[in-house]
$ cat input.cif   # mmCIF, C-alpha atoms
data_entry
#
loop_
_atom_site.label_atom_id
_atom_site.label_comp_id
_atom_site.auth_asym_id
_atom_site.auth_seq_id
_atom_site.Cartn_x
_atom_site.Cartn_y
_atom_site.Cartn_z
CA ASN A 26 154.22 116.67 54.56
CA HIS A 27 150.54 117.75 54.45
CA THR A 28 151.08 119.46 51.09
CA ILE A 29 149.85 119.49 47.50
CA ARG A 30 152.75 119.52 45.06
CA LYS A 31 152.81 120.43 41.39
CA ILE A 32 155.17 118.78 38.87
CA VAL A 33 155.55 120.23 35.38
CA ILE A 34 155.63 117.10 33.21
CA SER A 35 157.86 118.58 30.51
CA THR A 36 160.57 119.74 32.91
CA GLY A 37 160.08 117.89 36.20
CA VAL A 38 160.04 121.21 38.07
CA THR A 39 158.30 120.63 41.40
CA THR A 40 156.63 123.29 43.56
CA THR A 41 154.29 123.36 46.53
CA ILE A 42 150.95 124.85 45.50
CA ALA A 43 149.05 124.45 48.78
CA GLY A 44 149.82 123.56 52.37
CA ALA A 45 153.00 123.94 54.42
CA ALA A 46 155.49 121.11 54.78
CA GLY A 47 155.19 119.37 58.12
CA SER A 48 152.38 121.64 59.33
CA GLY A 49 149.02 119.89 59.64
CA GLY A 50 145.71 121.66 60.16
CA THR A 51 142.34 122.59 58.70
CA THR A 52 142.87 126.22 57.70
CA ASP A 53 141.32 127.43 54.47
CA GLY A 54 143.49 129.96 52.69
CA THR A 55 145.55 130.57 49.58
CA GLY A 56 148.52 128.47 48.64
CA THR A 57 150.96 127.77 51.45
CA SER A 58 148.77 129.56 54.00
CA ALA A 59 146.24 126.71 53.78
CA ARG A 60 146.62 123.59 55.90
CA PHE A 61 145.88 119.88 55.28
CA TYR A 62 146.19 116.78 57.44
CA TYR A 63 147.34 113.71 55.54
CA PRO A 64 145.84 114.52 52.12
CA THR A 65 145.61 111.18 50.32
CA GLY A 66 143.56 111.40 47.11
CA ILE A 67 143.25 114.05 44.40
CA THR A 68 141.28 114.62 41.21
CA THR A 69 140.50 117.50 38.88
CA ASP A 70 137.71 118.80 36.66
CA GLY A 71 140.19 120.94 34.75
CA THR A 72 139.44 124.10 36.69
CA ASN A 73 139.69 122.95 40.29
CA LEU A 74 141.48 120.28 42.26
CA TYR A 75 139.53 118.24 44.79
CA VAL A 76 141.51 116.68 47.61
CA ALA A 77 140.53 113.86 49.96
CA ASP A 78 141.96 115.38 53.15
CA ARG A 79 141.96 112.09 54.99
CA ASN A 80 142.60 112.82 58.64
CA ASN A 81 140.56 116.02 58.53
CA HIS A 82 137.60 113.96 57.22
CA ARG A 83 137.01 116.60 54.55
CA ILE A 84 137.02 117.18 50.81
CA ARG A 85 138.96 120.32 49.99
CA LYS A 86 138.74 122.38 46.81
CA ILE A 87 141.70 124.22 45.26
CA VAL A 88 141.14 126.73 42.46
CA ILE A 89 144.01 125.95 40.10
CA SER A 90 144.36 129.51 38.76
CA SER A 91 144.66 131.14 42.19
CA GLY A 92 145.58 128.43 44.69
CA ALA A 93 142.60 129.36 46.87
CA VAL A 94 141.72 126.45 49.18
CA THR A 95 138.26 125.97 50.69
CA THR A 96 136.48 123.14 52.47
CA PHE A 97 134.06 121.75 49.91
CA ALA A 98 132.41 119.04 51.99
CA GLY A 99 132.78 117.42 55.38
CA SER A 100 133.64 118.72 58.83
CA SER A 101 134.15 115.84 61.27
CA ALA A 102 134.44 112.05 61.40
CA GLY A 103 131.14 110.31 60.75
CA THR A 104 128.86 108.87 58.11
CA GLY A 105 126.15 111.52 57.78
CA ASP A 106 124.88 112.58 54.38
CA GLY A 107 124.22 116.28 53.90
CA THR A 108 125.23 119.36 51.96
CA GLY A 109 128.75 120.75 52.07
CA THR A 110 130.20 120.98 55.57
CA SER A 111 127.07 119.46 57.13
CA ALA A 112 128.09 116.09 55.65
CA GLN A 113 130.54 113.77 57.35
CA PHE A 114 133.30 111.45 56.11
CA ASN A 115 135.40 108.88 57.91
CA LYS A 116 138.91 109.08 56.46
CA PRO A 117 138.17 109.70 52.77
CA GLN A 118 141.00 108.28 50.69
CA GLY A 119 140.55 107.91 46.91
CA ILE A 120 138.56 110.42 44.86
CA THR A 121 137.55 110.70 41.20
CA THR A 122 135.16 112.70 39.05
CA ASP A 123 133.02 112.28 35.96
CA GLY A 124 132.91 116.06 35.52
CA THR A 125 129.49 116.41 37.18
CA ASN A 126 129.97 114.50 40.41
CA LEU A 127 132.78 113.57 42.71
CA TYR A 128 133.02 110.03 44.05
CA THR A 129 135.16 109.30 47.07
CA VAL A 130 135.76 106.22 49.17
CA SER A 131 135.26 106.63 52.88
CA PHE A 132 137.96 104.24 54.02
CA MET A 133 136.91 103.60 57.61
CA SER A 134 133.15 103.39 56.96
CA ASN A 135 133.60 101.10 53.92
CA THR A 136 131.43 103.22 51.63
CA VAL A 137 131.56 105.11 48.34
CA ARG A 138 130.13 108.62 48.61
CA LYS A 139 128.80 110.83 45.82
CA ILE A 140 129.11 114.63 45.84
CA VAL A 141 127.23 116.73 43.30
CA ILE A 142 129.77 119.40 42.32
CA SER A 143 127.18 122.09 41.53
CA THR A 144 125.38 121.82 44.88
CA GLY A 145 127.74 120.08 47.30
CA VAL A 146 125.06 117.50 48.16
CA VAL A 147 126.67 114.36 49.62
CA THR A 148 124.98 110.95 49.57
CA THR A 149 126.11 107.39 50.22
CA PHE A 150 126.29 105.84 46.77
CA ALA A 151 127.37 102.28 47.59
CA GLY A 152 128.41 100.20 50.54
CA THR A 153 127.01 99.33 53.93
CA VAL A 154 128.09 101.81 56.57
CA GLY A 155 130.41 100.23 59.11
CA SER A 156 130.64 96.79 57.51
CA ALA A 157 134.05 95.34 58.23
CA TRP A 158 136.00 92.37 56.91
CA THR A 159 133.20 91.59 54.47
CA SER A 160 132.96 92.03 50.72
CA ALA A 161 129.61 91.39 49.08
CA ASP A 162 128.17 92.26 45.70
CA GLY A 163 124.82 94.02 45.61
CA THR A 164 123.12 97.27 44.62
CA GLY A 165 123.94 100.57 46.29
CA VAL A 166 124.01 100.43 50.07
CA SER A 167 123.28 96.69 50.10
CA ALA A 168 126.78 96.02 48.75
CA GLU A 169 129.74 95.69 51.11
CA PHE A 170 133.37 96.78 50.80
CA ASN A 171 136.40 95.74 52.82
CA TRP A 172 138.60 98.82 53.20
CA PRO A 173 138.14 100.57 49.85
CA GLY A 174 141.19 102.65 48.97
CA GLY A 175 141.37 103.95 45.39
CA ILE A 176 138.64 104.83 42.90
CA THR A 177 138.52 105.76 39.21
CA THR A 178 135.96 105.96 36.41
CA ASP A 179 135.76 105.27 32.70
CA GLY A 180 132.69 107.49 32.45
CA THR A 181 130.19 104.63 32.66
CA ASN A 182 131.44 102.69 35.66
CA LEU A 183 133.38 103.30 38.83
CA TYR A 184 136.20 100.96 39.75
CA VAL A 185 137.29 100.60 43.36
CA ALA A 186 140.57 99.15 44.61
CA GLU A 187 139.54 97.22 47.70
CA ILE A 188 142.58 96.98 49.95
CA ALA A 189 141.68 94.34 52.52
CA GLY A 190 139.32 92.51 50.16
CA ARG A 191 142.17 92.33 47.63
CA LYS A 192 139.77 92.91 44.78
CA ILE A 193 138.81 95.39 42.11
CA ARG A 194 135.11 96.18 42.31
CA GLN A 195 132.94 97.66 39.55
CA ILE A 196 130.00 99.99 40.19
CA VAL A 197 127.63 100.80 37.33
CA ILE A 198 127.01 104.52 37.80
CA SER A 199 123.50 104.48 36.33
CA SER A 200 122.21 101.69 38.57
CA GLY A 201 124.59 101.43 41.54
CA VAL A 202 125.07 97.70 40.89
CA VAL A 203 128.33 96.52 42.51
CA THR A 204 130.19 93.43 41.28
CA THR A 205 133.66 91.95 41.72
CA PHE A 206 135.54 92.78 38.54
CA ALA A 207 138.89 91.19 39.33
CA GLY A 208 140.50 89.42 42.25
CA GLY A 209 139.68 86.37 44.29
CA PRO A 210 136.09 85.89 45.41
CA GLY A 211 137.32 85.01 48.89
CA GLY A 212 139.73 87.92 49.05
CA GLY A 213 142.76 85.63 49.01
CA GLY A 214 146.00 87.46 48.32
CA GLY A 215 148.55 86.65 45.66
CA SER A 216 150.04 87.93 42.43
CA THR A 217 148.47 85.64 39.82
CA ASP A 218 147.88 87.11 36.36
CA ALA A 219 144.61 85.75 34.98
CA THR A 220 141.12 86.83 33.96
CA GLY A 221 138.62 88.43 36.34
CA THR A 222 138.17 86.65 39.65
CA SER A 223 140.93 84.16 38.83
CA ALA A 224 143.51 86.92 39.20
CA ARG A 225 145.01 87.78 42.58
CA PHE A 226 146.14 91.03 44.22
CA SER A 227 147.73 91.90 47.55
CA ASN A 228 146.42 95.09 49.12
CA PRO A 229 145.71 97.11 45.95
CA GLU A 230 145.53 100.73 47.11
CA ALA A 231 145.14 102.90 44.01
CA ILE A 232 143.64 102.71 40.54
CA THR A 233 143.38 104.81 37.39
CA SER A 234 141.95 104.41 33.90
CA ASP A 235 142.70 105.56 30.38
CA GLY A 236 139.21 104.55 29.29
CA THR A 237 140.36 101.25 27.80
CA ASN A 238 142.41 99.77 30.63
CA LEU A 239 142.64 100.00 34.38
CA TYR A 240 146.01 100.36 36.08
CA VAL A 241 146.36 99.27 39.69
CA ALA A 242 149.00 100.05 42.28
CA ASP A 243 149.21 96.55 43.78
CA THR A 244 150.94 97.79 46.90
CA GLN A 245 152.08 94.72 48.80
CA ASN A 246 153.10 92.99 45.59
CA HIS A 247 155.24 96.04 44.66
CA ARG A 248 153.74 95.89 41.18
CA ILE A 249 151.65 97.85 38.71
CA ARG A 250 148.93 95.69 37.23
CA LYS A 251 146.97 96.27 34.03
CA ILE A 252 143.35 95.17 33.51
CA VAL A 253 141.74 95.27 30.09
CA ILE A 254 138.24 96.60 30.79
CA SER A 255 136.55 94.79 27.90
CA SER A 256 137.84 91.36 28.91
CA GLY A 257 138.93 91.53 32.54
CA VAL A 258 142.37 90.16 31.64
CA VAL A 259 144.90 91.05 34.36
CA THR A 260 148.65 91.25 33.64
CA THR A 261 151.68 92.62 35.45
CA LEU A 262 152.80 95.77 33.67
CA ALA A 263 155.78 96.70 35.83
CA GLY A 264 157.54 95.62 39.00
CA SER A 265 158.26 92.26 40.56
CA SER A 266 159.75 92.70 44.03
CA SER A 267 160.54 95.43 46.54
CA GLY A 268 163.35 97.71 45.41
CA ASN A 269 164.32 100.91 43.65
CA THR A 270 165.41 99.84 40.17
CA ASP A 271 164.52 101.78 37.02
CA ALA A 272 164.10 99.32 34.14
CA THR A 273 161.51 97.92 31.72
CA GLY A 274 158.45 95.99 32.82
CA THR A 275 158.99 93.36 35.48
CA SER A 276 162.70 94.18 35.66
CA ALA A 277 161.78 97.44 37.40
CA GLN A 278 161.22 97.57 41.15
CA PHE A 279 158.89 99.54 43.42
CA ALA A 280 158.54 99.68 47.19
CA GLN A 281 154.84 99.79 48.05
CA PRO A 282 153.47 101.90 45.17
CA HIS A 283 150.62 103.89 46.67
CA GLY A 284 149.13 106.29 44.09
CA ILE A 285 148.73 106.20 40.32
CA THR A 286 147.42 108.45 37.56
CA THR A 287 147.76 108.86 33.80
CA ASP A 288 147.92 111.68 31.28
CA GLY A 289 146.80 109.27 28.55
CA THR A 290 150.33 108.55 27.39
CA SER A 291 152.30 107.73 30.52
CA LEU A 292 151.55 106.50 34.01
CA TYR A 293 152.83 108.32 37.09
CA VAL A 294 153.23 106.33 40.31
CA THR A 295 153.92 107.52 43.83
CA ASP A 296 156.43 104.99 45.14
CA ARG A 297 155.76 105.30 48.86
CA LEU A 298 158.74 103.72 50.61
CA ASN A 299 161.15 105.12 48.01
CA ASP A 300 159.74 108.67 48.41
CA LYS A 301 159.63 109.07 44.64
CA VAL A 302 157.30 109.72 41.73
CA ARG A 303 157.97 107.15 39.01
CA LYS A 304 157.02 107.38 35.32
CA ILE A 305 155.98 104.42 33.16
CA ASP A 306 155.89 104.97 29.39
#

$ encode --input "input.cif" --output "structure tokens"
Amino acid sequence: NHTIRKIVISTGVTTTIAGAAGSGGTTDGTGTSARFYYPTGITTDGTNLYVADRNNHRIRKIVISSGAVTTFAGSSAGTGDGTGTSAQFNKPQGITTDGTNLYTVSFMSNTVRKIVISTGVVTTFAGTVGSAWTSADGTGVSAEFNWPGGITTDGTNLYVAEIAGRKIRQIVISSGVVTTFAGGPGGGGGSTDATGTSARFSNPEAITSDGTNLYVADTQNHRIRKIVISSGVVTTLAGSSSGNTDATGTSAQFAQPHGITTDGTSLYVTDRLNDKVRKID
């Protein structure tokens, strides 16, 4: 629908705060006068929202208090570093923030980009531009990703849900060192609960953190997986097979869960093929 929607948690009241349903575009403006084109990822610093506007190859900023939408970074498809709209992205998808910087995955160029919020300076933080069907540990731009989708942070590290690599990757923010945190070293799919690289995922697309655990939307497995950060232990928190059932744990069903976030108490999941937002307590 090319929109940004707001849901009041206490009441479930849903409103459109930016964009117009079914109307794609690049227009900066206020509220429903602004336009997006397949916005895919979103994060907040408490004052503003930052949106990965995927098919516009841009990062958009929304002032929460006013609904004013501007283009924060990016202008066209590409891989160029730069400041603000002089930088380029190639289908940015997931986005997160540590309060000082934004980090977004550039899905089609297989990179993680860093944006300094105060200046708008964009650099390539990790990943080899254009690498495809490869997934290699390394430092900074010597590492390789295979279709990174979602990204989150616990304040010390970044964690990337690698869709085609079927892994969860860890990036130490201070050093840029990239390692495989969970999922098969060969990228083999599956649904095995285990520790670290003995676990298996199938096209994990989104990830969030409460600081102690990671929670992954394991899309093709129709499951929500939990990873204990301190140990790397992976378990299935909810879901088991494709469906639409509300229930507890693995008795519940999802149909390609695509996005996930937390308020510290509950998880909220966008259940793509069911066109729903689901809550997990």

$ residues_around --input "input.cif" --residues "A:Lys86" --least-positions-apart "3" --cutoff "9 Å" --atoms "all atoms listed in the file" --output "mmCIF file with C-alpha atoms, in the coordinates of the input"
data_model
loop_
_atom_site.group_PDB
_atom_site.id
_atom_site.type_symbol
_atom_site.label_atom_id
_atom_site.label_comp_id
_atom_site.auth_asym_id
_atom_site.auth_seq_id
_atom_site.Cartn_x
_atom_site.Cartn_y
_atom_site.Cartn_z
ATOM 1 C CA ASN A 73 139.690 122.950 40.290
ATOM 2 C CA LEU A 74 141.480 120.280 42.260
ATOM 3 C CA TYR A 75 139.530 118.240 44.790
ATOM 4 C CA VAL A 76 141.510 116.680 47.610
ATOM 5 C CA ALA A 93 142.600 129.360 46.870
ATOM 6 C CA VAL A 94 141.720 126.450 49.180
ATOM 7 C CA THR A 95 138.260 125.970 50.690
ATOM 8 C CA THR A 96 136.480 123.140 52.470
ATOM 9 C CA PHE A 97 134.060 121.750 49.910
ATOM 10 C CA ALA A 98 132.410 119.040 51.990
#

$ closest_atom_pairs --input "input.cif" --of "stretch 175-246 of chain A" --to "stretch 164-168 of chain A" --cutoff "9 Å" --atoms "only C-alpha atoms" --output "Markdown table"
| residue | atom | partner | partner_atom | distance |
| --- | --- | --- | --- | --- |
| A:Ile196 | CA | A:Gly165 | CA | 8.6 |
| A:Ser200 | CA | A:Thr164 | CA | 7.5 |
| A:Gly201 | CA | A:Gly165 | CA | 4.9 |
| A:Val202 | CA | A:Thr164 | CA | 4.2 |
| A:Val203 | CA | A:Thr164 | CA | 5.7 |
| A:Thr204 | CA | A:Ala168 | CA | 8.6 |

$ resolve_selection --input "input.cif" --expression "the PyMOL selection byres ((chain A and resi 106) around 8)" --output "count of residues only"
11

$ resolve_selection --input "input.cif" --expression "the PyMOL selection byres ((chain A and resi 175) around 9)" --output "PyMOL selection string"
chain A and resi 66+118-121+129-130+173-174+176-177+184-188+229-233+241+284

$ atom_distance --input "input.cif" --atom1 "atom CA of A:Gly54" --atom2 "atom CA of A:Ser35"
28.8 Å

$ closest_residue --input "input.cif" --among "A:Leu262, A:Ala151, A:Leu127, A:Val88" --to "A:Gln195" --atoms "all atoms listed in the file"
A:Ala151

$ resolve_selection --input "input.cif" --expression "the PyMOL selection byres ((chain A and resi 57) around 10)" --output "list of chain:residue names"
A:Thr28, A:Ile29, A:Thr41, A:Ile42, A:Ala43, A:Gly44, A:Ala45, A:Ala46, A:Gly54, A:Thr55, A:Gly56, A:Ser58, A:Ala59, A:Arg60, A:Gly92, A:Ala93, A:Val94

$ atom_distance --input "input.cif" --atom1 "atom CA of A:Ser134" --atom2 "atom CA of A:Ala207"
22.2 Å

$ atom_distance --input "input.cif" --atom1 "atom CA of A:Tyr128" --atom2 "atom CA of A:Gly221"
23.6 Å

$ decode --input "input.cif" --residues "stretch 179-223 of chain A" --atoms "N, CA and C atoms" --output "short mmCIF file (atom, residue, chain, number, x, y, z; two decimals), in the first residue's frame"
data_model
loop_
_atom_site.label_atom_id
_atom_site.label_comp_id
_atom_site.auth_asym_id
_atom_site.auth_seq_id
_atom_site.Cartn_x
_atom_site.Cartn_y
_atom_site.Cartn_z
N ASP A 179 22.04 -4.90 19.60
CA ASP A 179 21.91 -4.94 21.06
C ASP A 179 22.74 -3.84 21.69
N GLY A 180 23.24 -2.93 20.87
CA GLY A 180 24.04 -1.80 21.34
C GLY A 180 25.53 -2.02 21.18
N THR A 181 25.95 -3.27 21.15
CA THR A 181 27.36 -3.62 20.97
C THR A 181 27.61 -4.25 19.61
N ASN A 182 26.65 -5.07 19.19
CA ASN A 182 26.77 -5.78 17.93
C ASN A 182 25.55 -5.51 17.05
N LEU A 183 25.75 -5.70 15.76
CA LEU A 183 24.64 -5.78 14.82
C LEU A 183 24.39 -7.25 14.51
N TYR A 184 23.14 -7.57 14.26
CA TYR A 184 22.78 -8.93 13.86
C TYR A 184 21.96 -8.84 12.57
N VAL A 185 22.37 -9.61 11.58
CA VAL A 185 21.76 -9.54 10.26
C VAL A 185 21.10 -10.87 9.93
N ALA A 186 19.84 -10.81 9.52
CA ALA A 186 19.15 -12.00 9.02
C ALA A 186 19.47 -12.12 7.54
N GLU A 187 20.21 -13.16 7.20
CA GLU A 187 20.69 -13.36 5.84
C GLU A 187 19.75 -14.33 5.12
N ILE A 188 18.95 -13.80 4.21
CA ILE A 188 17.85 -14.57 3.64
C ILE A 188 18.34 -15.79 2.87
N ALA A 189 19.11 -15.55 1.81
CA ALA A 189 19.53 -16.66 0.95
C ALA A 189 20.63 -17.50 1.60
N GLY A 190 21.43 -16.88 2.47
CA GLY A 190 22.45 -17.63 3.20
C GLY A 190 21.88 -18.44 4.33
N ARG A 191 20.62 -18.12 4.72
CA ARG A 191 19.91 -18.86 5.77
C ARG A 191 20.69 -18.87 7.07
N LYS A 192 21.23 -17.71 7.40
CA LYS A 192 22.05 -17.57 8.60
C LYS A 192 21.70 -16.29 9.33
N ILE A 193 22.15 -16.22 10.57
CA ILE A 193 22.17 -14.98 11.34
C ILE A 193 23.64 -14.60 11.50
N ARG A 194 23.99 -13.41 11.03
CA ARG A 194 25.37 -12.95 11.10
C ARG A 194 25.51 -11.90 12.20
N GLN A 195 26.66 -11.88 12.84
CA GLN A 195 26.97 -10.90 13.88
C GLN A 195 28.08 -9.97 13.38
N ILE A 196 27.89 -8.67 13.60
CA ILE A 196 28.92 -7.68 13.27
C ILE A 196 29.25 -6.92 14.54
N VAL A 197 30.49 -6.98 14.96
CA VAL A 197 30.94 -6.19 16.11
C VAL A 197 31.05 -4.74 15.65
N ILE A 198 30.28 -3.85 16.24
CA ILE A 198 30.23 -2.47 15.77
C ILE A 198 31.59 -1.79 15.88
N SER A 199 32.32 -2.03 16.95
CA SER A 199 33.58 -1.33 17.18
C SER A 199 34.68 -1.72 16.20
N SER A 200 34.60 -2.94 15.66
CA SER A 200 35.68 -3.44 14.81
C SER A 200 35.24 -3.79 13.39
N GLY A 201 33.93 -3.99 13.18
CA GLY A 201 33.45 -4.42 11.88
C GLY A 201 33.64 -5.89 11.60
N VAL A 202 34.08 -6.68 12.59
CA VAL A 202 34.30 -8.11 12.40
C VAL A 202 32.95 -8.82 12.22
N VAL A 203 32.83 -9.59 11.14
CA VAL A 203 31.61 -10.29 10.79
C VAL A 203 31.81 -11.79 10.99
N THR A 204 30.92 -12.42 11.75
CA THR A 204 30.97 -13.87 11.94
C THR A 204 29.56 -14.44 11.76
N THR A 205 29.49 -15.74 11.57
CA THR A 205 28.21 -16.44 11.51
C THR A 205 27.80 -16.81 12.93
N PHE A 206 26.69 -16.23 13.37
CA PHE A 206 26.26 -16.41 14.75
C PHE A 206 25.36 -17.64 14.91
N ALA A 207 24.52 -17.88 13.92
CA ALA A 207 23.64 -19.04 13.96
C ALA A 207 23.25 -19.41 12.54
N GLY A 208 22.99 -20.68 12.34
CA GLY A 208 22.65 -21.17 11.01
C GLY A 208 23.79 -21.93 10.38
N GLY A 209 23.44 -22.78 9.43
CA GLY A 209 24.41 -23.69 8.84
C GLY A 209 25.53 -23.01 8.11
N PRO A 210 26.75 -23.47 8.30
CA PRO A 210 27.91 -22.86 7.64
C PRO A 210 27.84 -22.93 6.13
N GLY A 211 27.10 -23.90 5.60
CA GLY A 211 26.94 -24.01 4.15
C GLY A 211 25.67 -23.38 3.65
N GLY A 212 24.92 -22.75 4.54
CA GLY A 212 23.68 -22.11 4.14
C GLY A 212 22.54 -23.08 3.92
N GLY A 213 22.68 -24.32 4.36
CA GLY A 213 21.62 -25.31 4.15
C GLY A 213 20.38 -24.97 4.94
N GLY A 214 19.21 -25.08 4.30
CA GLY A 214 17.97 -24.74 4.97
C GLY A 214 17.49 -25.84 5.87
N GLY A 215 16.53 -25.49 6.74
CA GLY A 215 15.95 -26.45 7.65
C GLY A 215 15.31 -25.73 8.81
N SER A 216 14.89 -26.46 9.80
CA SER A 216 14.20 -25.86 10.95
C SER A 216 14.76 -26.38 12.27
N THR A 217 15.96 -26.92 12.26
CA THR A 217 16.54 -27.54 13.44
C THR A 217 16.80 -26.53 14.55
N ASP A 218 16.33 -26.81 15.74
CA ASP A 218 16.70 -26.05 16.94
C ASP A 218 17.99 -26.64 17.48
N ALA A 219 18.96 -25.78 17.76
CA ALA A 219 20.28 -26.24 18.21
C ALA A 219 21.06 -25.01 18.65
N THR A 220 22.36 -25.16 18.79
CA THR A 220 23.21 -24.05 19.21
C THR A 220 24.06 -23.56 18.03
N GLY A 221 24.06 -22.24 17.84
CA GLY A 221 24.93 -21.62 16.84
C GLY A 221 24.77 -22.18 15.45
N THR A 222 25.87 -22.59 14.85
CA THR A 222 25.86 -23.03 13.46
C THR A 222 25.26 -24.42 13.27
N SER A 223 24.87 -25.08 14.36
CA SER A 223 24.17 -26.35 14.23
C SER A 223 22.67 -26.14 13.99
#
